[in-house]
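Everything on this sheet refers to the single structure shown next.
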Amino acid sequence: MSISSRFSVGIHILTLIEIDKDGVSSSEYIARSVNTNPAVIRKIMGMLKKAGLIKVQPGIAGAELARDLSDITLLDVYKAVNVVKDNELFSIHENPNPDCSVGRNIQNIIEPHFISAQTALEKTLENVTIENVVNDVKDNEKLNSKH
């Protein structure tokens, strides 16, 4: 299993809104860039709006960032699109055999390690902003256009 693609699509949406801020970032336009159905984009945009990351106006196509792109971290996006609940990135199998020494102890032994790993992931995501992603996309485009 992997983290939901809503996360990468959310980042894609925010990056595209910023890069094409002079155009109209409709769900249809964004869907073409992501190569998915506009309904999927509208659902994720609803999550981003609820989290205060974008502004949309009913009946008017397009969206804009609700905060400065340097103030939106990948952790904000990760949380906005409901990738996982707090401390539940890793799930632990339920009901191991209590008559087995491993079964009796495994959950309590591995849970702190899982929480530590999730915390490390979230700290990394917190240190990357949409501004970083936008700049990386622009830099890549410059490199690719020279070849």
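By order in the structure tokens, chains are A, B, ...; within a chain, residues start at 1; ligands start at 1, following the order shown.
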Need the shell around Leu53 in chain A: protein/DNA/RNA residues with any atom at most 12 Å away, counting only C-alpha atoms. Skip same-chain ones fewer than 2 positions apart. Format as a VMD selection string?
chain A and resid 10 to 11 13 to 15 17 to 18 44 to 51 55 to 56 63 to 81 130
Let's see if you can do this: from backbone DSSP, list all helix (DSSP H, G or I) residues in chain A, as a PyMOL selection string.
chain A and resi 6-19+27-34+38-50+69-71+74-80+101-126+130-145
In Å and to one decimal, CA of Gly59 in chain A is distant from CA of Pro38 in chain A by 15.3 Å
What does the distance between CA of Glu126 in chain A and CA of Ile19 in chain A come to in Å, to one decimal place?
21.3 Å
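Neighbours of Ala31 in chain A closer than or equal to 10 Å, with only C-alpha atoms counted and sequence neighbours fewer than 6 positions away skipped, come out as A:Val9, A:Ile13, A:Ser25, A:Asn37, A:Pro38, A:Ala39, A:Val40, A:Ile41, A:Arg42.
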With only C-alpha atoms as the atoms that count, which of A:Ser26, A:Lys43, A:Leu143, A:Asn35 lies nearest to Ile60 in chain A?
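Nearest candidate to Ile60 in chain A out of A:Ser26, A:Lys43, A:Leu143, A:Asn35: A:Ser26.
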As number ranges by chain, please: every residue in chain A that a backbone DSSP assignment puts in strand (DSSP E).
A: 54-57, 60-65
